[in-house]
$ cat final39.cif   # mmCIF, C-alpha atoms
data_run
#
loop_
_atom_site.label_atom_id
_atom_site.label_comp_id
_atom_site.auth_asym_id
_atom_site.auth_seq_id
_atom_site.Cartn_x
_atom_site.Cartn_y
_atom_site.Cartn_z
CA MET A 21 158.16 90.38 167.91
CA ASP A 22 160.96 91.23 170.34
CA TRP A 23 158.71 90.95 173.39
CA ARG A 24 161.51 90.81 175.98
CA THR A 25 163.15 94.11 175.02
CA SER A 26 159.77 95.82 174.57
CA VAL A 27 158.24 94.65 177.86
CA ALA A 28 161.47 95.29 179.79
CA ARG A 29 161.55 98.85 178.47
CA ALA A 30 157.94 99.49 179.48
CA ALA A 31 158.59 98.09 182.97
CA ALA A 32 161.78 100.11 183.35
CA ALA A 33 159.87 103.27 182.41
CA LEU A 34 157.81 102.64 185.56
CA GLY A 35 160.95 102.29 187.69
CA LEU A 36 160.94 98.48 187.72
CA PRO A 37 163.85 96.12 186.91
CA GLY A 38 162.79 95.62 183.31
CA GLU A 39 164.41 92.39 182.26
CA ARG A 40 163.69 90.63 185.54
CA VAL A 41 160.03 91.58 185.23
CA ALA A 42 159.87 90.54 181.57
CA ASP A 43 161.48 87.16 182.23
CA ALA A 44 159.39 86.39 185.32
CA TRP A 45 156.24 87.46 183.45
CA ARG A 46 156.96 85.23 180.49
CA ALA A 47 157.82 82.32 182.77
CA ARG A 48 154.19 82.27 183.87
CA TYR A 49 152.87 82.19 180.30
CA GLN A 50 152.90 78.46 179.49
CA PRO A 51 151.66 77.37 182.94
CA GLN A 52 148.77 79.84 182.53
CA LEU A 53 147.92 78.59 179.04
CA GLU A 54 148.00 75.07 180.41
CA THR A 55 145.14 75.89 182.77
CA VAL A 56 143.04 76.65 179.66
CA ARG A 57 144.36 73.74 177.61
CA SER A 58 143.67 71.31 180.45
CA GLY A 59 140.10 72.53 180.79
CA GLU A 60 140.75 73.80 184.34
CA ARG A 61 139.47 77.22 183.30
CA GLU A 62 137.52 78.63 180.36
CA TRP A 63 139.32 80.37 177.52
CA VAL A 64 140.04 84.01 178.29
CA VAL A 65 142.05 86.53 176.27
CA LEU A 66 145.75 86.98 177.00
CA ASP A 67 145.13 90.42 178.54
CA VAL A 68 143.38 88.70 181.43
CA LEU A 69 146.17 86.16 181.87
CA HIS A 70 148.88 88.81 181.57
CA ARG A 71 147.20 91.02 184.16
CA GLU A 72 146.82 88.16 186.65
CA ALA A 73 150.41 87.06 186.11
CA LEU A 74 151.70 90.57 186.68
CA ASP A 75 150.28 90.61 190.19
CA HIS A 76 152.11 87.38 190.95
CA VAL A 77 155.36 88.59 189.38
CA LEU A 78 155.39 91.83 191.34
CA ALA A 79 154.68 89.98 194.60
CA GLU A 80 157.36 87.40 193.82
CA LEU A 81 159.95 90.08 193.14
CA GLY A 82 158.79 92.27 196.04
CA LEU A 83 157.91 95.21 193.77
CA GLU A 84 155.27 97.89 194.29
CA LEU A 85 153.01 99.25 191.53
CA GLY A 86 149.57 100.86 191.61
CA ALA A 87 146.57 99.18 190.01
CA GLY A 88 146.29 101.76 187.23
CA GLU A 89 149.96 101.32 186.35
CA ARG A 90 149.53 97.55 186.38
CA ASP A 91 146.70 97.87 183.87
CA GLU A 92 148.84 100.16 181.74
CA LEU A 93 151.91 97.92 181.92
CA THR A 94 149.79 94.95 180.83
CA LEU A 95 149.23 96.79 177.56
CA ALA A 96 152.98 96.67 176.89
CA TRP A 97 152.11 93.33 175.24
CA HIS A 98 150.09 95.36 172.68
CA ARG A 99 153.10 97.48 171.75
CA LEU A 100 155.88 95.02 171.05
CA ASP A 101 158.53 96.04 168.55
CA PRO A 102 159.21 93.79 165.57
CA TRP A 103 162.57 92.23 164.79
CA PRO A 104 164.34 94.31 162.12
CA ASP A 105 163.53 91.87 159.32
CA THR A 106 159.88 91.30 160.28
CA VAL A 107 158.15 94.13 158.45
CA PRO A 108 160.23 94.14 155.25
CA GLY A 109 160.07 90.34 155.16
CA LEU A 110 156.30 90.25 155.58
CA ALA A 111 155.90 92.95 152.93
CA ARG A 112 157.76 90.75 150.44
CA LEU A 113 155.90 87.59 151.47
CA LYS A 114 152.55 89.37 151.09
CA ARG A 115 153.14 89.92 147.39
CA ARG A 116 152.75 86.21 146.82
CA TYR A 117 151.06 84.79 149.92
CA VAL A 118 148.11 85.46 152.20
CA LEU A 119 149.52 86.34 155.63
CA ALA A 120 147.83 85.92 158.98
CA PRO A 121 149.13 85.49 162.51
CA CYS A 122 148.32 82.10 164.03
CA SER A 123 149.28 83.35 167.45
CA ASN A 124 148.05 82.89 171.00
CA GLY A 125 147.40 86.64 171.04
CA HIS A 126 143.78 87.69 170.79
CA ILE A 127 142.33 89.79 167.98
CA ALA A 128 142.43 93.15 169.78
CA GLN A 129 146.04 92.57 170.83
CA SER A 130 147.07 91.42 167.35
CA VAL A 131 145.40 94.46 165.78
CA ALA A 132 147.20 96.75 168.22
CA LEU A 133 150.53 95.06 167.50
CA ALA A 134 149.97 95.31 163.77
CA ARG A 135 149.16 99.01 163.98
CA HIS A 136 152.10 99.65 166.33
CA ALA A 137 154.61 97.80 164.19
CA GLY A 138 153.14 98.05 160.68
CA LEU A 139 152.51 94.34 160.18
CA PRO A 140 150.64 93.86 156.88
CA TRP A 141 148.31 91.02 157.84
CA ASP A 142 145.49 89.93 155.54
CA ALA A 143 143.46 88.64 158.50
CA ILE A 144 143.90 88.00 162.21
CA LEU A 145 143.51 84.31 163.02
CA GLY A 146 144.83 82.12 165.84
CA ALA A 147 143.72 81.46 169.40
CA GLU A 148 140.63 83.66 169.59
CA ILE A 149 138.80 82.25 166.59
CA ALA A 150 139.35 78.78 168.07
CA ARG A 151 138.88 79.83 171.71
CA ALA A 152 141.84 77.58 172.51
CA TYR A 153 145.56 77.99 173.00
CA LYS A 154 148.36 76.49 170.93
CA PRO A 155 149.57 73.84 170.70
CA ASP A 156 145.92 72.74 170.86
CA PRO A 157 145.36 71.46 167.29
CA GLU A 158 142.07 73.34 167.06
CA VAL A 159 143.99 76.64 166.76
CA TYR A 160 145.84 75.50 163.64
CA ARG A 161 142.79 73.80 162.15
CA ALA A 162 140.45 76.75 162.70
CA SER A 163 142.99 79.19 161.23
CA VAL A 164 143.53 77.15 158.09
CA ALA A 165 139.80 76.54 157.67
CA ALA A 166 139.09 80.28 157.99
CA LEU A 167 141.23 80.84 154.92
CA GLY A 168 139.32 78.18 153.02
CA LEU A 169 142.48 76.09 152.69
CA ALA A 170 143.42 72.48 153.17
CA PRO A 171 146.13 72.14 155.86
CA GLY A 172 148.79 71.26 153.30
CA GLU A 173 148.13 74.56 151.47
CA ALA A 174 149.19 76.53 154.55
CA MET A 175 152.58 77.02 156.17
CA MET A 176 153.12 77.73 159.84
CA VAL A 177 156.11 80.01 160.41
CA ALA A 178 157.45 80.10 163.95
CA ALA A 179 160.52 80.50 166.13
CA HIS A 180 159.46 77.65 168.40
CA ASP A 181 159.87 74.02 167.47
CA GLY A 182 156.94 72.90 169.62
CA ASP A 183 154.65 75.19 167.66
CA LEU A 184 155.86 73.74 164.36
CA GLN A 185 155.58 70.13 165.52
CA ALA A 186 151.96 70.76 166.53
CA ALA A 187 151.22 72.46 163.20
CA ALA A 188 152.85 69.62 161.27
CA ALA A 189 150.71 67.11 163.18
CA CYS A 190 147.67 68.96 161.73
CA GLY A 191 149.08 68.66 158.22
CA LEU A 192 150.48 72.18 157.76
CA ARG A 193 153.80 72.83 156.13
CA THR A 194 156.35 74.42 158.47
CA ALA A 195 159.11 77.02 158.44
CA PHE A 196 161.49 77.77 161.30
CA VAL A 197 162.99 81.24 161.71
CA ALA A 198 165.27 81.33 164.75
CA ARG A 199 165.08 84.25 167.17
CA PRO A 200 168.23 83.45 169.12
CA ARG A 201 167.97 86.54 171.35
CA GLU A 202 164.26 86.20 172.09
CA HIS A 203 165.01 85.16 175.68
CA GLY A 204 168.09 87.36 175.98
CA PRO A 205 171.81 86.67 175.59
CA GLY A 206 171.79 83.30 177.38
CA GLN A 207 169.17 81.57 175.21
CA ARG A 208 169.83 77.88 174.69
CA SER A 209 166.52 76.62 173.27
CA ASP A 210 165.04 76.96 169.78
CA LEU A 211 168.36 77.91 168.20
CA HIS A 212 167.87 75.50 165.29
CA ALA A 213 165.00 73.84 163.49
CA GLY A 214 163.82 70.53 164.87
CA PRO A 215 163.46 67.36 162.81
CA GLY A 216 161.01 67.30 159.93
CA VAL A 217 160.64 71.05 159.48
CA ASP A 218 160.14 71.89 155.81
CA VAL A 219 162.09 75.15 155.65
CA GLU A 220 164.66 76.83 157.87
CA ALA A 221 165.53 80.47 157.20
CA ALA A 222 167.75 82.95 159.04
CA ASP A 223 165.10 85.68 158.99
CA PHE A 224 161.92 86.71 157.16
CA LEU A 225 163.84 88.16 154.22
CA ALA A 226 165.64 84.85 153.76
CA LEU A 227 162.27 83.11 154.08
CA ALA A 228 160.91 85.31 151.28
CA ASP A 229 163.91 84.29 149.17
CA VAL A 230 163.30 80.58 149.79
CA LEU A 231 159.57 80.91 149.07
CA GLY A 232 160.06 82.91 145.88
CA ALA A 233 158.35 86.06 147.15
CA MET B 17 131.96 97.13 146.69
CA ASP B 18 130.25 97.54 143.34
CA TRP B 19 129.07 93.92 143.25
CA ARG B 20 126.54 94.36 140.44
CA THR B 21 128.98 95.69 137.85
CA SER B 22 131.66 93.22 138.88
CA VAL B 23 129.46 90.12 138.85
CA ALA B 24 127.73 91.18 135.63
CA ARG B 25 131.11 91.56 133.94
CA ALA B 26 132.25 88.11 135.07
CA ALA B 27 128.99 86.55 133.85
CA ALA B 28 129.19 88.39 130.52
CA ALA B 29 132.73 87.09 130.03
CA LEU B 30 131.19 83.59 130.02
CA GLY B 31 128.63 84.62 127.40
CA LEU B 32 125.76 85.16 129.85
CA PRO B 33 123.46 88.20 130.11
CA GLY B 34 125.50 89.83 132.89
CA GLU B 35 123.13 92.20 134.59
CA ARG B 36 120.20 89.81 134.49
CA VAL B 37 122.35 87.13 136.11
CA ALA B 38 123.72 89.53 138.73
CA ASP B 39 120.27 90.81 139.69
CA ALA B 40 118.66 87.37 139.80
CA TRP B 41 121.61 86.05 141.84
CA ARG B 42 121.39 88.86 144.38
CA ALA B 43 117.61 88.45 144.62
CA ARG B 44 118.22 85.05 146.17
CA TYR B 45 120.64 86.39 148.79
CA GLN B 46 118.32 87.49 151.59
CA PRO B 47 115.99 84.49 151.26
CA GLN B 48 119.04 82.23 151.51
CA LEU B 49 120.40 84.04 154.57
CA GLU B 50 116.97 83.75 156.11
CA THR B 51 117.23 79.96 156.02
CA VAL B 52 120.27 80.29 158.29
CA ARG B 53 118.84 83.06 160.47
CA SER B 54 115.66 81.06 161.02
CA GLY B 55 117.60 77.99 162.07
CA GLU B 56 116.31 76.00 159.10
CA ARG B 57 119.89 75.21 158.12
CA GLU B 58 123.29 75.44 159.79
CA TRP B 59 125.57 78.36 159.08
CA VAL B 60 127.59 77.85 155.91
CA VAL B 61 129.91 80.28 154.15
CA LEU B 62 128.56 82.49 151.37
CA ASP B 63 130.46 80.52 148.73
CA VAL B 64 128.14 77.60 149.38
CA LEU B 65 125.02 79.77 149.22
CA HIS B 66 126.23 81.59 146.10
CA ARG B 67 126.98 78.31 144.32
CA GLU B 68 123.57 76.85 145.14
CA ALA B 69 121.81 80.04 144.09
CA LEU B 70 123.67 80.13 140.78
CA ASP B 71 122.19 76.77 139.79
CA HIS B 72 118.70 78.13 140.46
CA VAL B 73 119.39 81.38 138.63
CA LEU B 74 120.67 79.66 135.52
CA ALA B 75 117.68 77.28 135.48
CA GLU B 76 115.29 80.18 136.01
CA LEU B 77 116.79 82.17 133.15
CA GLY B 78 117.15 79.09 130.91
CA LEU B 79 120.94 79.46 130.64
CA GLU B 80 123.55 76.75 130.13
CA LEU B 81 126.90 76.65 131.92
CA GLY B 82 129.26 73.80 132.79
CA ALA B 83 129.96 72.84 136.41
CA GLY B 84 133.56 74.06 136.30
CA GLU B 85 132.46 77.42 134.94
CA ARG B 86 129.77 77.65 137.60
CA ASP B 87 132.42 77.13 140.28
CA GLU B 88 134.61 79.75 138.66
CA LEU B 89 131.77 82.26 138.27
CA THR B 90 130.91 81.84 141.97
CA LEU B 91 134.34 83.26 142.74
CA ALA B 92 133.33 86.51 141.03
CA TRP B 93 132.08 87.41 144.51
CA HIS B 94 135.74 87.29 145.65
CA ARG B 95 136.82 89.82 143.01
CA LEU B 96 134.42 92.71 143.39
CA ASP B 97 135.68 96.15 142.49
CA PRO B 98 135.48 98.94 145.05
CA TRP B 99 133.60 102.17 144.54
CA PRO B 100 136.05 104.93 143.53
CA ASP B 101 136.11 106.51 146.99
CA THR B 102 136.39 103.25 148.95
CA VAL B 103 140.15 102.72 149.02
CA PRO B 104 141.26 106.36 149.44
CA GLY B 105 138.55 106.88 152.05
CA LEU B 106 139.54 103.79 154.05
CA ALA B 107 143.20 104.81 153.86
CA ARG B 108 142.35 108.13 155.47
CA LEU B 109 140.04 106.56 158.07
CA LYS B 110 142.73 104.04 159.01
CA ARG B 111 145.06 106.81 160.19
CA ARG B 112 142.75 107.43 163.12
CA TYR B 113 140.50 104.38 163.43
CA VAL B 114 140.73 100.60 163.53
CA LEU B 115 138.94 99.29 160.42
CA ALA B 116 137.30 95.91 159.98
CA PRO B 117 134.53 94.65 157.73
CA CYS B 118 131.41 93.56 159.62
CA SER B 119 130.06 91.87 156.55
CA ASN B 120 128.14 88.72 155.75
CA GLY B 121 131.12 87.66 153.67
CA HIS B 122 133.31 84.96 155.16
CA ILE B 123 136.97 85.39 156.05
CA ALA B 124 138.41 83.79 152.91
CA GLN B 125 136.13 85.89 150.70
CA SER B 126 136.89 89.08 152.61
CA VAL B 127 140.63 88.41 152.37
CA ALA B 128 140.32 87.81 148.63
CA LEU B 129 138.31 91.03 148.20
CA ALA B 130 140.83 92.98 150.24
CA ARG B 131 143.75 91.69 148.19
CA HIS B 132 141.87 92.26 144.92
CA ALA B 133 140.85 95.82 145.76
CA GLY B 134 143.54 96.94 148.20
CA LEU B 135 141.27 97.36 151.22
CA PRO B 136 143.45 98.18 154.25
CA TRP B 137 141.61 96.23 156.96
CA ASP B 138 143.06 95.80 160.43
CA ALA B 139 141.13 92.56 160.94
CA ILE B 140 138.37 90.55 159.24
CA LEU B 141 135.30 90.32 161.45
CA GLY B 142 131.61 89.80 160.69
CA ALA B 143 129.49 86.75 159.97
CA GLU B 144 132.07 84.00 160.19
CA ILE B 145 133.36 84.78 163.67
CA ALA B 146 129.74 84.75 164.87
CA ARG B 147 128.62 81.89 162.61
CA ALA B 148 125.47 83.91 161.99
CA TYR B 149 124.19 86.29 159.35
CA LYS B 150 123.29 89.96 159.76
CA PRO B 151 121.03 91.40 160.93
CA ASP B 152 121.37 88.75 163.64
CA PRO B 153 122.64 90.84 166.58
CA GLU B 154 125.32 88.26 167.36
CA VAL B 155 127.28 89.38 164.28
CA TYR B 156 127.58 92.98 165.52
CA ARG B 157 128.22 91.91 169.11
CA ALA B 158 130.91 89.37 168.26
CA SER B 159 132.67 91.84 165.96
CA VAL B 160 132.77 94.60 168.57
CA ALA B 161 133.84 92.17 171.30
CA ALA B 162 136.68 90.87 169.12
CA LEU B 163 138.12 94.39 169.08
CA GLY B 164 137.87 94.60 172.87
CA LEU B 165 135.41 97.49 172.57
CA ALA B 166 132.13 98.42 174.14
CA PRO B 167 129.40 98.74 171.46
CA GLY B 168 129.30 102.54 171.81
CA GLU B 169 133.01 102.72 170.97
CA ALA B 170 132.37 101.21 167.53
CA MET B 171 130.63 102.61 164.47
CA MET B 172 128.88 100.53 161.85
CA VAL B 173 129.22 102.04 158.37
CA ALA B 174 126.81 100.73 155.76
CA ALA B 175 124.81 101.54 152.66
CA HIS B 176 121.75 99.71 153.97
CA ASP B 177 119.45 101.16 156.56
CA GLY B 178 118.38 97.76 157.88
CA ASP B 179 122.00 96.99 158.68
CA LEU B 180 122.38 100.23 160.60
CA GLN B 181 119.14 99.82 162.51
CA ALA B 182 120.27 96.37 163.66
CA ALA B 183 123.69 97.72 164.66
CA ALA B 184 122.11 100.61 166.56
CA ALA B 185 119.91 98.16 168.43
CA CYS B 186 123.15 96.56 169.69
CA GLY B 187 124.44 99.93 170.85
CA LEU B 188 126.82 100.74 168.02
CA ARG B 189 127.10 104.17 166.51
CA THR B 190 126.07 104.32 162.85
CA ALA B 191 127.07 105.99 159.60
CA PHE B 192 125.19 105.82 156.31
CA VAL B 193 127.02 106.13 153.01
CA ALA B 194 124.58 105.86 150.12
CA ARG B 195 125.44 103.70 147.12
CA PRO B 196 122.62 104.91 144.85
CA ARG B 197 123.78 102.80 141.87
CA GLU B 198 124.36 99.59 143.84
CA HIS B 199 121.27 98.00 142.27
CA GLY B 200 121.69 99.77 138.94
CA PRO B 201 120.12 102.89 137.46
CA GLY B 202 116.59 102.25 138.76
CA GLN B 203 117.44 101.96 142.45
CA ARG B 204 114.76 103.34 144.76
CA SER B 205 115.77 101.97 148.17
CA ASP B 206 118.53 103.07 150.55
CA LEU B 207 119.00 106.42 148.84
CA HIS B 208 119.03 108.32 152.15
CA ALA B 209 119.78 107.59 155.77
CA GLY B 210 116.96 106.31 157.90
CA PRO B 211 115.89 107.85 161.19
CA GLY B 212 118.33 107.93 164.09
CA VAL B 213 121.50 107.36 162.09
CA ASP B 214 124.42 109.26 163.68
CA VAL B 215 126.24 110.32 160.53
CA GLU B 216 125.35 110.52 156.84
CA ALA B 217 128.14 111.07 154.33
CA ALA B 218 128.17 111.17 150.53
CA ASP B 219 131.14 108.82 150.29
CA PHE B 220 134.06 107.48 152.36
CA LEU B 221 136.15 110.61 151.79
CA ALA B 222 133.31 112.74 153.15
CA LEU B 223 133.00 110.29 156.03
CA ALA B 224 136.70 110.77 156.80
CA ASP B 225 136.10 114.52 156.82
CA VAL B 226 133.20 114.20 159.25
CA LEU B 227 135.15 111.84 161.53
CA GLY B 228 138.28 114.00 161.56
CA ALA B 229 140.49 111.41 159.87
#
$ encode --input "final39.cif" --output "structure tokens"
Amino acid sequence: MDWRTSVARAAAALGLPGERVADAWRARYQPQLETVRSGEREWVVLDVLHREALDHVLAELGLELGAGERDELTLAWHRLDPWPDTVPGLARLKRRYVLAPCSNGHIAQSVALARHAGLPWDAILGAEIARAYKPDPEVYRASVAALGLAPGEAMMVAAHDGDLQAAAACGLRTAFVARPREHGPGQRSDLHAGPGVDVEAADFLALADVLGA
Amino acid sequence: MDWRTSVARAAAALGLPGERVADAWRARYQPQLETVRSGEREWVVLDVLHREALDHVLAELGLELGAGERDELTLAWHRLDPWPDTVPGLARLKRRYVLAPCSNGHIAQSVALARHAGLPWDAILGAEIARAYKPDPEVYRASVAALGLAPGEAMMVAAHDGDLQAAAACGLRTAFVARPREHGPGQRSDLHAGPGVDVEAADFLALADVLGA
């Protein structure tokens, strides 16, 4: 999903500097997840983390926003737009494969995203069924187990090499699809697949080609 | 799902008396679930319970079947056909409502059923995310919580009054859709809604009418 464009647009609609808010918000994401991964706090859904982070971001940037609007803006993460190839690519992949997100998003958020964007998931897996956050191996293991599969029968598809390395360490096959504008025009990370990745594809349509779907 | 016709057909294809096998198999279902609900055994997926029950059923009926065929026949429960109104009714309901099975089936089985029959679920909830079996209240509570809803914002739709009574006790709204041939031509139970049910509809299309979808 193109979270940066989508979140920036929602922030701008409230009179905020959209891209600055989106980038500052996302910058808090991994440190927040780390508080759960480290055991410092119990697992909570991303809505809670996003809402807390928004308060910090607005204070940091010296921006004003009412509490109701903060709650509403937090739900921008439920209405992210897909990349242009996402939906047609998933539709082709679904003909041959069972598709499920193995995301750090929770079930309610993933359902909202799927309904917003038309993502044809077979099930919603990932962080919530494991009550853990990637790259905690339990997220990959629980997701594969929920499908009744051995790890080697599943493939993790991601735009982030760290995600794929963690999945591979659990025995999953891996596919890298770059999203070179995910972080905006200056992105320098995750432009190419890391070592050991099974498949690299330019987008989800190319992935469907490679996987015979 | 019309489990009786579907399972009977799969059994008959292996040379077995289909309806007798289907009925005897289903008769073991609630007693098996009760061993989990009572704490006598740990939660296991339905595939395990179905496979164990099949051995008993075949012995009881004096029928022979190889182990590989027993494994294969167990998967008949992954390939149940829908009632004629199920898919068009769900398609209409999905326009307005988030749809998820709150079934005793596990995720892999529910995904297989959905792909077999074309059920347009938004998520797969139910027994596995709670690691419990209905009517254990934890199954309803976990399913509603996974959607980020309060119980009164969700509606349990079922053909079994006991299921609806348990859901209502957790605060869910309830709808009864009779399946008067579920157990074959002689069915005498669950022909009408029990007391206190919010909505009764003849089928899923009528339910969509009632719910404005």
$ resolve_selection --input "final39.cif" --expression "the PyMOL selection byres ((chain A) within 10 of (chain B))" --output "PyMOL selection string"
chain A and resi 65+114-115+118-120+126-132+134-135+139-145+148-150+164-169
$ closest_residue --input "final39.cif" --among "A:Leu81, A:Val27, A:Cys190, A:Ala179" --to "A:Ser163" --atoms "only C-alpha atoms"
A:Cys190
$ closest_residue --input "final39.cif" --among "B:Arg147, B:Arg57, B:Arg20, B:Arg112" --to "B:Trp93" --atoms "only C-alpha atoms"
B:Arg20
$ atom_distance --input "final39.cif" --atom1 "atom CA of B:Leu106" --atom2 "atom CA of B:Phe220"
6.8 Å
$ resolve_selection --input "final39.cif" --expression "the PyMOL selection byres ((chain B and resi 95-104) around 6)" --output "PyMOL selection string"
chain B and resi 17-19+22+92-94+105-107+129+132+135+220
$ resolve_selection --input "final39.cif" --expression "the PyMOL selection byres ((chain A and resi 185) around 10)" --output "MDAnalysis selection string"
chainID A and resid 155 176 180:184 186:194 214:217
$ closest_residue --input "final39.cif" --among "A:Gly146, A:His203, A:Val159, A:Met175" --to "A:Trp45" --atoms "all atoms listed in the file"
A:His203
$ closest_residue --input "final39.cif" --among "A:Ala178, A:Tyr153, A:Val56, A:Phe196" --to "A:Pro121" --atoms "all atoms listed in the file"
A:Ala178
$ closest_residue --input "final39.cif" --among "A:Cys122, A:Ala44, A:Ala152, A:Val77" --to "A:Ser58" --atoms "only C-alpha atoms"
A:Ala152
$ atom_distance --input "final39.cif" --atom1 "atom CA of B:Arg36" --atom2 "atom CA of B:Val173"
28.3 Å
$ atom_distance --input "final39.cif" --atom1 "atom CA of A:His76" --atom2 "atom CA of A:Gly38"
15.5 Å
$ axis_aligned_box --input "final39.cif" --around "stretch 98-117 of chain B" --padding-each-side "8 Å" --output "lines of an AutoDock Vina configuration file"
center_x = 139.3
center_y = 101.4
center_z = 153.5
size_x = 27.5
size_y = 29.5
size_z = 36.0
$ residues_around --input "final39.cif" --residues "A:Pro200" --least-positions-apart "2" --cutoff "6 Å" --atoms "only C-alpha atoms" --output "PyMOL selection string"
chain A and resi 198+202+211
$ residues_near_point --input "final39.cif" --point "(130.6, 75.6, 136.4)" --cutoff "12 Å" --atoms "all atoms listed in the file" --output "PyMOL selection string"
chain B and resi 27+30+67-68+70-71+74+79-91
